[in-house]
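target06.pdb, holding PDB, C-alpha atoms:
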ATOM      1  CA  MET A   1      14.384  15.371  27.870
ATOM      2  CA  SER A   2      10.915  13.845  28.066
ATOM      3  CA  ASN A   3      10.030  15.998  25.092
ATOM      4  CA  GLY A   4      12.796  14.296  23.138
ATOM      5  CA  LEU A   5      11.277  10.930  24.044
ATOM      6  CA  ASP A   6       7.797  12.042  22.952
ATOM      7  CA  ASN A   7       9.229  13.239  19.685
ATOM      8  CA  LEU A   8      10.975   9.952  18.996
ATOM      9  CA  ARG A   9       7.826   8.036  19.885
ATOM     10  CA  GLU A  10       5.743  10.105  17.484
ATOM     11  CA  LYS A  11       8.169   9.209  14.707
ATOM     12  CA  VAL A  12       7.950   5.524  15.648
ATOM     13  CA  ASP A  13       4.137   5.753  15.523
ATOM     14  CA  GLU A  14       4.340   7.179  12.010
ATOM     15  CA  LEU A  15       6.645   4.380  10.896
ATOM     16  CA  ASN A  16       4.324   1.776  12.470
ATOM     17  CA  LEU A  17       1.477   3.016  10.286
ATOM     18  CA  GLN A  18       3.695   3.071   7.203
ATOM     19  CA  LEU A  19       4.710  -0.518   7.942
ATOM     20  CA  LEU A  20       1.063  -1.486   8.404
ATOM     21  CA  GLN A  21       0.151   0.015   5.054
ATOM     22  CA  ILE A  22       2.994  -1.679   3.158
ATOM     23  CA  ILE A  23       2.480  -5.042   4.905
ATOM     24  CA  ASN A  24      -1.190  -5.022   3.862
ATOM     25  CA  GLU A  25      -0.361  -3.807   0.360
ATOM     26  CA  ARG A  26       2.097  -6.692   0.092
ATOM     27  CA  ALA A  27      -0.599  -9.079   1.368
ATOM     28  CA  LYS A  28      -2.949  -8.011  -1.455
ATOM     29  CA  LEU A  29      -0.254  -8.754  -4.037
ATOM     30  CA  VAL A  30       0.379 -12.124  -2.412
ATOM     31  CA  GLN A  31      -3.345 -12.877  -2.681
ATOM     32  CA  GLU A  32      -3.249 -12.032  -6.388
ATOM     33  CA  ILE A  33      -0.182 -14.213  -6.843
ATOM     34  CA  GLY A  34      -2.047 -17.045  -5.113
ATOM     35  CA  LYS A  35      -4.979 -16.727  -7.501
ATOM     36  CA  THR A  36      -2.695 -16.595 -10.537
ATOM     37  CA  LYS A  37      -0.808 -19.672  -9.389
ATOM     38  CA  GLU A  38      -4.064 -21.484  -8.649
ATOM     39  CA  ALA A  39      -5.273 -20.764 -12.186
ATOM     40  CA  GLN A  40      -1.985 -22.185 -13.487
ATOM     41  CA  GLY A  41      -2.145 -25.184 -11.177
ATOM     42  CA  VAL A  42       1.192 -24.229  -9.617
ATOM     43  CA  ASN A  43       2.052 -24.886  -5.983
ATOM     44  CA  ARG A  44       1.672 -21.879  -3.680
ATOM     45  CA  TYR A  45       4.729 -22.432  -1.499
ATOM     46  CA  ASP A  46       7.955 -21.839  -3.366
ATOM     47  CA  PRO A  47      11.067 -22.140  -1.162
ATOM     48  CA  VAL A  48      13.384 -21.071  -3.992
ATOM     49  CA  ARG A  49      11.455 -17.832  -4.466
ATOM     50  CA  GLU A  50      11.447 -17.266  -0.685
ATOM     51  CA  ARG A  51      15.227 -17.777  -0.481
ATOM     52  CA  LYS A  52      15.673 -15.328  -3.367
ATOM     53  CA  MET A  53      13.591 -12.689  -1.597
ATOM     54  CA  LEU A  54      15.542 -13.138   1.641
ATOM     55  CA  ASP A  55      18.862 -12.910  -0.209
ATOM     56  CA  GLU A  56      17.841  -9.658  -1.859
ATOM     57  CA  ILE A  57      16.675  -8.222   1.476
ATOM     58  CA  ILE A  58      19.933  -9.215   3.173
ATOM     59  CA  ALA A  59      22.024  -7.813   0.321
ATOM     60  CA  ASN A  60      20.306  -4.450   0.839
ATOM     61  CA  ASN A  61      20.574  -4.395   4.633
ATOM     62  CA  ASP A  62      22.520  -1.431   6.028
ATOM     63  CA  GLY A  63      21.559  -2.163   9.657
ATOM     64  CA  PRO A  64      21.144  -1.610  12.514
ATOM     65  CA  PHE A  65      19.274  -4.920  12.452
ATOM     66  CA  GLU A  66      21.390  -7.966  11.819
ATOM     67  CA  THR A  67      20.766 -10.403   8.989
ATOM     68  CA  SER A  68      19.406 -13.082  11.312
ATOM     69  CA  THR A  69      16.892 -10.680  12.877
ATOM     70  CA  LEU A  70      15.640  -9.491   9.497
ATOM     71  CA  GLN A  71      15.367 -13.055   8.208
ATOM     72  CA  HIS A  72      13.226 -13.894  11.220
ATOM     73  CA  ILE A  73      10.884 -10.890  10.787
ATOM     74  CA  PHE A  74      10.496 -11.394   7.042
ATOM     75  CA  LYS A  75       9.888 -15.127   7.399
ATOM     76  CA  GLU A  76       6.962 -14.262   9.690
ATOM     77  CA  ILE A  77       5.613 -11.871   7.039
ATOM     78  CA  PHE A  78       6.033 -14.523   4.323
ATOM     79  CA  LYS A  79       4.319 -17.149   6.478
ATOM     80  CA  ALA A  80       1.375 -14.833   7.112
ATOM     81  CA  GLY A  81       1.052 -14.270   3.356
ATOM     82  CA  LEU A  82       1.010 -17.992   2.691
ATOM     83  CA  GLU A  83      -1.700 -18.469   5.331
ATOM     84  CA  LEU A  84      -3.764 -15.809   3.573
ATOM     85  CA  GLN A  85      -3.458 -17.680   0.265
ATOM     86  CA  LYS A  86      -4.550 -20.901   1.974
ATOM     87  CA  ASP A  87      -7.599 -19.154   3.467
ATOM     88  CA  ASP A  88      -8.534 -17.828   0.039
ATOM     89  CA  HIS A  89      -8.217 -21.329  -1.371
ATOM     90  CA  ARG A  90     -10.464 -22.790   1.348
ATOM     91  CA  LYS A  91     -13.063 -20.087   0.740
ATOM     92  CA  ALA A  92     -12.942 -20.745  -3.010
ATOM     93  CA  LEU A  93     -13.610 -24.423  -2.363
ATOM     94  CA  LEU A  94     -16.657 -23.545  -0.264
ATOM     95  CA  VAL A  95     -18.300 -21.447  -2.984
TER      96      VAL A  95
ATOM     97  CA  MET B  96      -0.023 -15.391 -17.593
ATOM     98  CA  SER B  97       3.519 -15.988 -16.358
ATOM     99  CA  ASN B  98       4.196 -12.368 -17.215
ATOM    100  CA  GLY B  99       1.438 -11.378 -14.814
ATOM    101  CA  LEU B 100       3.150 -13.419 -12.118
ATOM    102  CA  ASP B 101       6.527 -11.816 -12.827
ATOM    103  CA  ASN B 102       4.929  -8.398 -12.625
ATOM    104  CA  LEU B 103       3.328  -9.137  -9.264
ATOM    105  CA  ARG B 104       6.586 -10.526  -7.954
ATOM    106  CA  GLU B 105       8.487  -7.414  -9.006
ATOM    107  CA  LYS B 106       6.018  -5.322  -7.021
ATOM    108  CA  VAL B 107       6.453  -7.608  -3.996
ATOM    109  CA  ASP B 108      10.249  -7.214  -4.292
ATOM    110  CA  GLU B 109       9.865  -3.435  -4.238
ATOM    111  CA  LEU B 110       7.664  -3.590  -1.150
ATOM    112  CA  ASN B 111      10.163  -5.936   0.564
ATOM    113  CA  LEU B 112      12.873  -3.297   0.173
ATOM    114  CA  GLN B 113      10.532  -0.551   1.395
ATOM    115  CA  LEU B 114       9.737  -2.661   4.453
ATOM    116  CA  LEU B 115      13.434  -3.293   5.045
ATOM    117  CA  GLN B 116      14.147   0.433   4.924
ATOM    118  CA  ILE B 117      11.343   1.375   7.323
ATOM    119  CA  ILE B 118      12.086  -1.500   9.728
ATOM    120  CA  ASN B 119      15.709  -0.358   9.977
ATOM    121  CA  GLU B 120      14.701   3.304  10.244
ATOM    122  CA  ARG B 121      12.385   2.318  13.091
ATOM    123  CA  ALA B 122      15.236   0.372  14.709
ATOM    124  CA  LYS B 123      17.434   3.487  14.723
ATOM    125  CA  LEU B 124      14.701   5.449  16.508
ATOM    126  CA  VAL B 125      14.288   2.621  18.999
ATOM    127  CA  GLN B 126      18.031   2.750  19.672
ATOM    128  CA  GLU B 127      17.773   6.488  20.334
ATOM    129  CA  ILE B 128      14.806   5.911  22.633
ATOM    130  CA  GLY B 129      16.846   3.313  24.499
ATOM    131  CA  LYS B 130      19.692   5.784  25.040
ATOM    132  CA  THR B 131      17.301   8.523  26.170
ATOM    133  CA  LYS B 132      15.609   6.175  28.621
ATOM    134  CA  GLU B 133      18.954   4.964  29.889
ATOM    135  CA  ALA B 134      20.008   8.560  30.564
ATOM    136  CA  GLN B 135      16.744   9.049  32.477
ATOM    137  CA  GLY B 136      17.140   5.777  34.330
ATOM    138  CA  VAL B 137      13.795   4.559  32.955
ATOM    139  CA  ASN B 138      13.098   0.907  32.201
ATOM    140  CA  ARG B 139      13.412  -0.047  28.536
ATOM    141  CA  TYR B 140      10.479  -2.419  28.277
ATOM    142  CA  ASP B 141       7.160  -0.620  28.572
ATOM    143  CA  PRO B 142       4.151  -2.929  28.099
ATOM    144  CA  VAL B 143       1.690  -0.010  28.268
ATOM    145  CA  ARG B 144       3.433   1.770  25.411
ATOM    146  CA  GLU B 145       3.558  -1.506  23.455
ATOM    147  CA  ARG B 146      -0.182  -2.065  23.943
ATOM    148  CA  LYS B 147      -0.864   1.508  22.826
ATOM    149  CA  MET B 148       1.143   1.000  19.648
ATOM    150  CA  LEU B 149      -0.666  -2.253  18.868
ATOM    151  CA  ASP B 150      -4.058  -0.638  19.483
ATOM    152  CA  GLU B 151      -3.245   2.183  17.082
ATOM    153  CA  ILE B 152      -2.041  -0.257  14.435
ATOM    154  CA  ILE B 153      -5.187  -2.369  14.804
ATOM    155  CA  ALA B 154      -7.450   0.702  14.677
ATOM    156  CA  ASN B 155      -5.893   1.593  11.334
ATOM    157  CA  ASN B 156      -6.019  -1.901   9.820
ATOM    158  CA  ASP B 157      -8.071  -2.148   6.606
ATOM    159  CA  GLY B 158      -6.962  -5.714   5.867
ATOM    160  CA  PRO B 159      -6.468  -8.106   4.240
ATOM    161  CA  PHE B 160      -4.440  -9.230   7.244
ATOM    162  CA  GLU B 161      -6.419  -9.930  10.368
ATOM    163  CA  THR B 162      -5.772  -8.239  13.691
ATOM    164  CA  SER B 163      -4.196 -11.361  15.214
ATOM    165  CA  THR B 164      -1.760 -11.733  12.303
ATOM    166  CA  LEU B 165      -0.676  -8.096  12.486
ATOM    167  CA  GLN B 166      -0.263  -8.277  16.247
ATOM    168  CA  HIS B 167       1.997 -11.258  15.789
ATOM    169  CA  ILE B 168       4.160  -9.589  13.109
ATOM    170  CA  PHE B 169       4.457  -6.314  15.013
ATOM    171  CA  LYS B 170       5.277  -8.053  18.289
ATOM    172  CA  GLU B 171       8.221  -9.684  16.506
ATOM    173  CA  ILE B 172       9.348  -6.252  15.286
ATOM    174  CA  PHE B 173       8.977  -4.791  18.807
ATOM    175  CA  LYS B 174      10.897  -7.699  20.318
ATOM    176  CA  ALA B 175      13.745  -7.247  17.839
ATOM    177  CA  GLY B 176      13.910  -3.555  18.769
ATOM    178  CA  LEU B 177      14.117  -4.373  22.451
ATOM    179  CA  GLU B 178      16.935  -6.848  21.790
ATOM    180  CA  LEU B 179      18.803  -4.111  19.942
ATOM    181  CA  GLN B 180      18.490  -1.799  22.964
ATOM    182  CA  LYS B 181      19.791  -4.563  25.227
ATOM    183  CA  ASP B 182      22.790  -5.114  22.928
ATOM    184  CA  ASP B 183      23.547  -1.406  23.005
ATOM    185  CA  HIS B 184      23.353  -1.471  26.784
ATOM    186  CA  ARG B 185      25.756  -4.420  27.003
ATOM    187  CA  LYS B 186      28.185  -2.702  24.641
ATOM    188  CA  ALA B 187      27.976   0.499  26.711
ATOM    189  CA  LEU B 188      28.868  -1.468  29.833
ATOM    190  CA  LEU B 189      31.919  -2.939  28.104
ATOM    191  CA  VAL B 190      33.362   0.470  27.159
TER     192      VAL B 190
END

Kindly return the structure encoded in the file as structure tokens.
Amino acid sequence: MSNGLDNLREKVDELNLQLLQIINERAKLVQEIGKTKEAQGVNRYDPVRERKMLDEIIANNDGPFETSTLQHIFKEIFKAGLELQKDDHRKALLV
Amino acid sequence: MSNGLDNLREKVDELNLQLLQIINERAKLVQEIGKTKEAQGVNRYDPVRERKMLDEIIANNDGPFETSTLQHIFKEIFKAGLELQKDDHRKALLV
């Protein structure tokens, strides 16, 4: 029985690292988007775009997580991305 | 230039759906773990295991997100998983 638990935990560990990799890959894209927008003089935060992303995520949700839970997790990921863009902007100003 | 932005956004959309898939896959494993633990009479919340998972994630972090940001995001994912186990438990009691 404990072996079954170890097995499940190993799989969770693998998924954690996959999530880590994709979250950081996404962060790099968000940084690039920030630079592109900065060059265009466009505002970084775009609530319409964020709503669109959430809607697409929700439309593709087969569970077990509920919509509200996924919205919460993804909003945290979006917020972290926005913070990263702001940091890049501050650093650019300091150069 | 706007084309570049559209391109980057398309890639972000793809990663969002990959994240969604892995987050839900992880949730299914967490549900199974919850059932296994319940059968063994073990407590669901295990702070030592949670710390171990965070340490492994941090050890594998190449950025751009900082350790503190990743800890925050993953803690939200862990918390959501724990809530799911609790819901399952409540439903089991109602049967």

What does chain A look like after a least-squares fit onto chain B on every Cα paired in order, written as a PDB file with C-alpha atoms, keeping the file's coordinate frame?
ATOM      1  CA  MET A   1      -0.053 -15.390 -17.594  1.00  0.00           C
ATOM      2  CA  SER A   2       3.492 -15.986 -16.377  1.00  0.00           C
ATOM      3  CA  ASN A   3       4.170 -12.372 -17.239  1.00  0.00           C
ATOM      4  CA  GLY A   4       1.429 -11.365 -14.824  1.00  0.00           C
ATOM      5  CA  LEU A   5       3.141 -13.421 -12.123  1.00  0.00           C
ATOM      6  CA  ASP A   6       6.524 -11.813 -12.839  1.00  0.00           C
ATOM      7  CA  ASN A   7       4.927  -8.413 -12.630  1.00  0.00           C
ATOM      8  CA  LEU A   8       3.324  -9.131  -9.278  1.00  0.00           C
ATOM      9  CA  ARG A   9       6.591 -10.532  -7.959  1.00  0.00           C
ATOM     10  CA  GLU A  10       8.489  -7.419  -9.005  1.00  0.00           C
ATOM     11  CA  LYS A  11       6.020  -5.326  -7.025  1.00  0.00           C
ATOM     12  CA  VAL A  12       6.452  -7.602  -4.001  1.00  0.00           C
ATOM     13  CA  ASP A  13      10.242  -7.209  -4.288  1.00  0.00           C
ATOM     14  CA  GLU A  14       9.853  -3.433  -4.236  1.00  0.00           C
ATOM     15  CA  LEU A  15       7.654  -3.599  -1.150  1.00  0.00           C
ATOM     16  CA  ASN A  16      10.151  -5.938   0.564  1.00  0.00           C
ATOM     17  CA  LEU A  17      12.860  -3.306   0.173  1.00  0.00           C
ATOM     18  CA  GLN A  18      10.541  -0.554   1.389  1.00  0.00           C
ATOM     19  CA  LEU A  19       9.730  -2.668   4.443  1.00  0.00           C
ATOM     20  CA  LEU A  20      13.433  -3.286   5.037  1.00  0.00           C
ATOM     21  CA  GLN A  21      14.159   0.425   4.920  1.00  0.00           C
ATOM     22  CA  ILE A  22      11.342   1.378   7.308  1.00  0.00           C
ATOM     23  CA  ILE A  23      12.079  -1.502   9.714  1.00  0.00           C
ATOM     24  CA  ASN A  24      15.707  -0.351   9.979  1.00  0.00           C
ATOM     25  CA  GLU A  25      14.703   3.303  10.242  1.00  0.00           C
ATOM     26  CA  ARG A  26      12.383   2.316  13.085  1.00  0.00           C
ATOM     27  CA  ALA A  27      15.235   0.355  14.702  1.00  0.00           C
ATOM     28  CA  LYS A  28      17.434   3.484  14.734  1.00  0.00           C
ATOM     29  CA  LEU A  29      14.695   5.443  16.506  1.00  0.00           C
ATOM     30  CA  VAL A  30      14.284   2.616  19.003  1.00  0.00           C
ATOM     31  CA  GLN A  31      18.030   2.759  19.679  1.00  0.00           C
ATOM     32  CA  GLU A  32      17.769   6.495  20.338  1.00  0.00           C
ATOM     33  CA  ILE A  33      14.801   5.922  22.625  1.00  0.00           C
ATOM     34  CA  GLY A  34      16.859   3.330  24.504  1.00  0.00           C
ATOM     35  CA  LYS A  35      19.692   5.798  25.039  1.00  0.00           C
ATOM     36  CA  THR A  36      17.305   8.533  26.167  1.00  0.00           C
ATOM     37  CA  LYS A  37      15.611   6.196  28.620  1.00  0.00           C
ATOM     38  CA  GLU A  38      18.975   4.978  29.897  1.00  0.00           C
ATOM     39  CA  ALA A  39      20.030   8.574  30.562  1.00  0.00           C
ATOM     40  CA  GLN A  40      16.775   9.063  32.483  1.00  0.00           C
ATOM     41  CA  GLY A  41      17.159   5.787  34.347  1.00  0.00           C
ATOM     42  CA  VAL A  42      13.832   4.551  32.973  1.00  0.00           C
ATOM     43  CA  ASN A  43      13.127   0.907  32.200  1.00  0.00           C
ATOM     44  CA  ARG A  44      13.433  -0.038  28.525  1.00  0.00           C
ATOM     45  CA  TYR A  45      10.481  -2.412  28.291  1.00  0.00           C
ATOM     46  CA  ASP A  46       7.170  -0.624  28.573  1.00  0.00           C
ATOM     47  CA  PRO A  47       4.151  -2.925  28.100  1.00  0.00           C
ATOM     48  CA  VAL A  48       1.692  -0.020  28.286  1.00  0.00           C
ATOM     49  CA  ARG A  49       3.442   1.760  25.421  1.00  0.00           C
ATOM     50  CA  GLU A  50       3.547  -1.505  23.436  1.00  0.00           C
ATOM     51  CA  ARG A  51      -0.194  -2.078  23.952  1.00  0.00           C
ATOM     52  CA  LYS A  52      -0.856   1.503  22.827  1.00  0.00           C
ATOM     53  CA  MET A  53       1.150   0.992  19.642  1.00  0.00           C
ATOM     54  CA  LEU A  54      -0.668  -2.262  18.866  1.00  0.00           C
ATOM     55  CA  ASP A  55      -4.055  -0.634  19.481  1.00  0.00           C
ATOM     56  CA  GLU A  56      -3.251   2.190  17.090  1.00  0.00           C
ATOM     57  CA  ILE A  57      -2.047  -0.272  14.437  1.00  0.00           C
ATOM     58  CA  ILE A  58      -5.194  -2.380  14.802  1.00  0.00           C
ATOM     59  CA  ALA A  59      -7.445   0.685  14.683  1.00  0.00           C
ATOM     60  CA  ASN A  60      -5.880   1.588  11.327  1.00  0.00           C
ATOM     61  CA  ASN A  61      -6.024  -1.900   9.817  1.00  0.00           C
ATOM     62  CA  ASP A  62      -8.067  -2.140   6.609  1.00  0.00           C
ATOM     63  CA  GLY A  63      -6.952  -5.718   5.848  1.00  0.00           C
ATOM     64  CA  PRO A  64      -6.470  -8.117   4.219  1.00  0.00           C
ATOM     65  CA  PHE A  65      -4.442  -9.243   7.232  1.00  0.00           C
ATOM     66  CA  GLU A  66      -6.424  -9.938  10.353  1.00  0.00           C
ATOM     67  CA  THR A  67      -5.775  -8.238  13.673  1.00  0.00           C
ATOM     68  CA  SER A  68      -4.208 -11.343  15.198  1.00  0.00           C
ATOM     69  CA  THR A  69      -1.765 -11.735  12.297  1.00  0.00           C
ATOM     70  CA  LEU A  70      -0.686  -8.100  12.468  1.00  0.00           C
ATOM     71  CA  GLN A  71      -0.280  -8.272  16.242  1.00  0.00           C
ATOM     72  CA  HIS A  72       1.998 -11.265  15.779  1.00  0.00           C
ATOM     73  CA  ILE A  73       4.173  -9.592  13.102  1.00  0.00           C
ATOM     74  CA  PHE A  74       4.462  -6.316  15.003  1.00  0.00           C
ATOM     75  CA  LYS A  75       5.265  -8.053  18.285  1.00  0.00           C
ATOM     76  CA  GLU A  76       8.219  -9.686  16.505  1.00  0.00           C
ATOM     77  CA  ILE A  77       9.359  -6.255  15.284  1.00  0.00           C
ATOM     78  CA  PHE A  78       8.981  -4.795  18.793  1.00  0.00           C
ATOM     79  CA  LYS A  79      10.893  -7.707  20.322  1.00  0.00           C
ATOM     80  CA  ALA A  80      13.739  -7.253  17.846  1.00  0.00           C
ATOM     81  CA  GLY A  81      13.909  -3.559  18.770  1.00  0.00           C
ATOM     82  CA  LEU A  82      14.113  -4.378  22.456  1.00  0.00           C
ATOM     83  CA  GLU A  83      16.929  -6.860  21.785  1.00  0.00           C
ATOM     84  CA  LEU A  84      18.800  -4.113  19.947  1.00  0.00           C
ATOM     85  CA  GLN A  85      18.477  -1.801  22.961  1.00  0.00           C
ATOM     86  CA  LYS A  86      19.783  -4.562  25.232  1.00  0.00           C
ATOM     87  CA  ASP A  87      22.790  -5.114  22.944  1.00  0.00           C
ATOM     88  CA  ASP A  88      23.544  -1.398  23.018  1.00  0.00           C
ATOM     89  CA  HIS A  89      23.354  -1.463  26.801  1.00  0.00           C
ATOM     90  CA  ARG A  90      25.759  -4.420  27.021  1.00  0.00           C
ATOM     91  CA  LYS A  91      28.200  -2.689  24.680  1.00  0.00           C
ATOM     92  CA  ALA A  92      27.988   0.507  26.742  1.00  0.00           C
ATOM     93  CA  LEU A  93      28.858  -1.473  29.859  1.00  0.00           C
ATOM     94  CA  LEU A  94      31.925  -2.918  28.137  1.00  0.00           C
ATOM     95  CA  VAL A  95      33.372   0.478  27.203  1.00  0.00           C
TER      96      VAL A  95
END

Rounded to one decimal, what separation in Å do you get between CA of Gly136 (chain B) and CA of Leu149 (chain B)?
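Distance reported for this atom pair: 24.9 Å.
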
Tell me, counting all atoms listed in the file, for each residue of chain B within 8 Å of chain A, which pair of atoms is nearest and how far apart they are in Å to one decimal, in rows ordered by chain and increasing number, as JSON lines.
{"residue": "B:Met96", "atom": "CA", "partner": "A:Thr36", "partner_atom": "CA", "distance": 7.6}
{"residue": "B:Gly99", "atom": "CA", "partner": "A:Thr36", "partner_atom": "CA", "distance": 7.9}
{"residue": "B:Leu100", "atom": "CA", "partner": "A:Ile33", "partner_atom": "CA", "distance": 6.3}
{"residue": "B:Leu103", "atom": "CA", "partner": "A:Leu29", "partner_atom": "CA", "distance": 6.3}
{"residue": "B:Arg104", "atom": "CA", "partner": "A:Ile33", "partner_atom": "CA", "distance": 7.8}
{"residue": "B:Lys106", "atom": "CA", "partner": "A:Leu29", "partner_atom": "CA", "distance": 7.7}
{"residue": "B:Val107", "atom": "CA", "partner": "A:Arg26", "partner_atom": "CA", "distance": 6.0}
{"residue": "B:Asp108", "atom": "CA", "partner": "A:Met53", "partner_atom": "CA", "distance": 7.0}
{"residue": "B:Leu110", "atom": "CA", "partner": "A:Arg26", "partner_atom": "CA", "distance": 6.5}
{"residue": "B:Asn111", "atom": "CA", "partner": "A:Ile57", "partner_atom": "CA", "distance": 7.0}
{"residue": "B:Leu112", "atom": "CA", "partner": "A:Ile57", "partner_atom": "CA", "distance": 6.4}
{"residue": "B:Gln113", "atom": "CA", "partner": "A:Ile22", "partner_atom": "CA", "distance": 7.8}
{"residue": "B:Leu114", "atom": "CA", "partner": "A:Leu19", "partner_atom": "CA", "distance": 6.5}
{"residue": "B:Leu115", "atom": "CA", "partner": "A:Ile57", "partner_atom": "CA", "distance": 6.9}
{"residue": "B:Ile117", "atom": "CA", "partner": "A:Leu15", "partner_atom": "CA", "distance": 6.6}
{"residue": "B:Ile118", "atom": "CA", "partner": "A:Leu19", "partner_atom": "CA", "distance": 7.7}
{"residue": "B:Asn119", "atom": "CA", "partner": "A:Pro64", "partner_atom": "CA", "distance": 6.1}
{"residue": "B:Arg121", "atom": "CA", "partner": "A:Val12", "partner_atom": "CA", "distance": 6.0}
{"residue": "B:Ala122", "atom": "CA", "partner": "A:Pro64", "partner_atom": "CA", "distance": 6.6}
{"residue": "B:Lys123", "atom": "CA", "partner": "A:Pro64", "partner_atom": "CA", "distance": 6.7}
{"residue": "B:Leu124", "atom": "CA", "partner": "A:Leu8", "partner_atom": "CA", "distance": 6.4}
{"residue": "B:Val125", "atom": "CA", "partner": "A:Val12", "partner_atom": "CA", "distance": 7.7}
{"residue": "B:Glu127", "atom": "CA", "partner": "A:Leu8", "partner_atom": "CA", "distance": 7.7}
{"residue": "B:Ile128", "atom": "CA", "partner": "A:Leu5", "partner_atom": "CA", "distance": 6.3}
{"residue": "B:Thr131", "atom": "CA", "partner": "A:Leu5", "partner_atom": "CA", "distance": 6.8}
{"residue": "B:Lys132", "atom": "CA", "partner": "A:Leu5", "partner_atom": "CA", "distance": 7.9}
{"residue": "B:Met148", "atom": "CA", "partner": "A:Asp13", "partner_atom": "CA", "distance": 7.0}
{"residue": "B:Ile152", "atom": "CA", "partner": "A:Leu17", "partner_atom": "CA", "distance": 6.3}
{"residue": "B:Asn155", "atom": "CA", "partner": "A:Leu17", "partner_atom": "CA", "distance": 7.6}
{"residue": "B:Asn156", "atom": "CA", "partner": "A:Leu20", "partner_atom": "CA", "distance": 7.2}
{"residue": "B:Asp157", "atom": "CA", "partner": "A:Asn24", "partner_atom": "CA", "distance": 7.9}
{"residue": "B:Gly158", "atom": "CA", "partner": "A:Asn24", "partner_atom": "CA", "distance": 6.1}
{"residue": "B:Pro159", "atom": "CA", "partner": "A:Asn24", "partner_atom": "CA", "distance": 6.1}
{"residue": "B:Phe160", "atom": "CA", "partner": "A:Asn24", "partner_atom": "CA", "distance": 6.3}
{"residue": "B:Thr164", "atom": "CA", "partner": "A:Ala80", "partner_atom": "CA", "distance": 6.8}
{"residue": "B:Leu165", "atom": "CA", "partner": "A:Leu20", "partner_atom": "CA", "distance": 8.0}
{"residue": "B:Ile168", "atom": "CA", "partner": "A:Glu76", "partner_atom": "CA", "distance": 6.4}
{"residue": "B:Glu171", "atom": "CA", "partner": "A:Ile73", "partner_atom": "CA", "distance": 6.4}
{"residue": "B:Ile172", "atom": "CA", "partner": "A:Ile73", "partner_atom": "CA", "distance": 6.6}
{"residue": "B:Ala175", "atom": "CA", "partner": "A:Thr69", "partner_atom": "CA", "distance": 6.8}
{"residue": "B:Leu179", "atom": "CA", "partner": "A:Phe65", "partner_atom": "CA", "distance": 7.5}

To one decimal in Å, tell me the separation between CA of His89 (chain A) and CA of Asp150 (chain B).
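Separating CA of His89 (chain A) from CA of Asp150 (chain B) is a distance of 29.7 Å.
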
Between CA of Val143 (chain B) and CA of Thr162 (chain B), measure the distance and give it in Å to one decimal.
18.3 Å

Identify which of the residues A:Glu50, A:Leu93, A:Glu38, A:Asn3 lies closest to Lys79 (chain A), counting all atoms listed in the file when measuring atom-to-atom distances.
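Comparing A:Glu50, A:Leu93, A:Glu38, A:Asn3 against Lys79 (chain A), the winner is A:Glu50.
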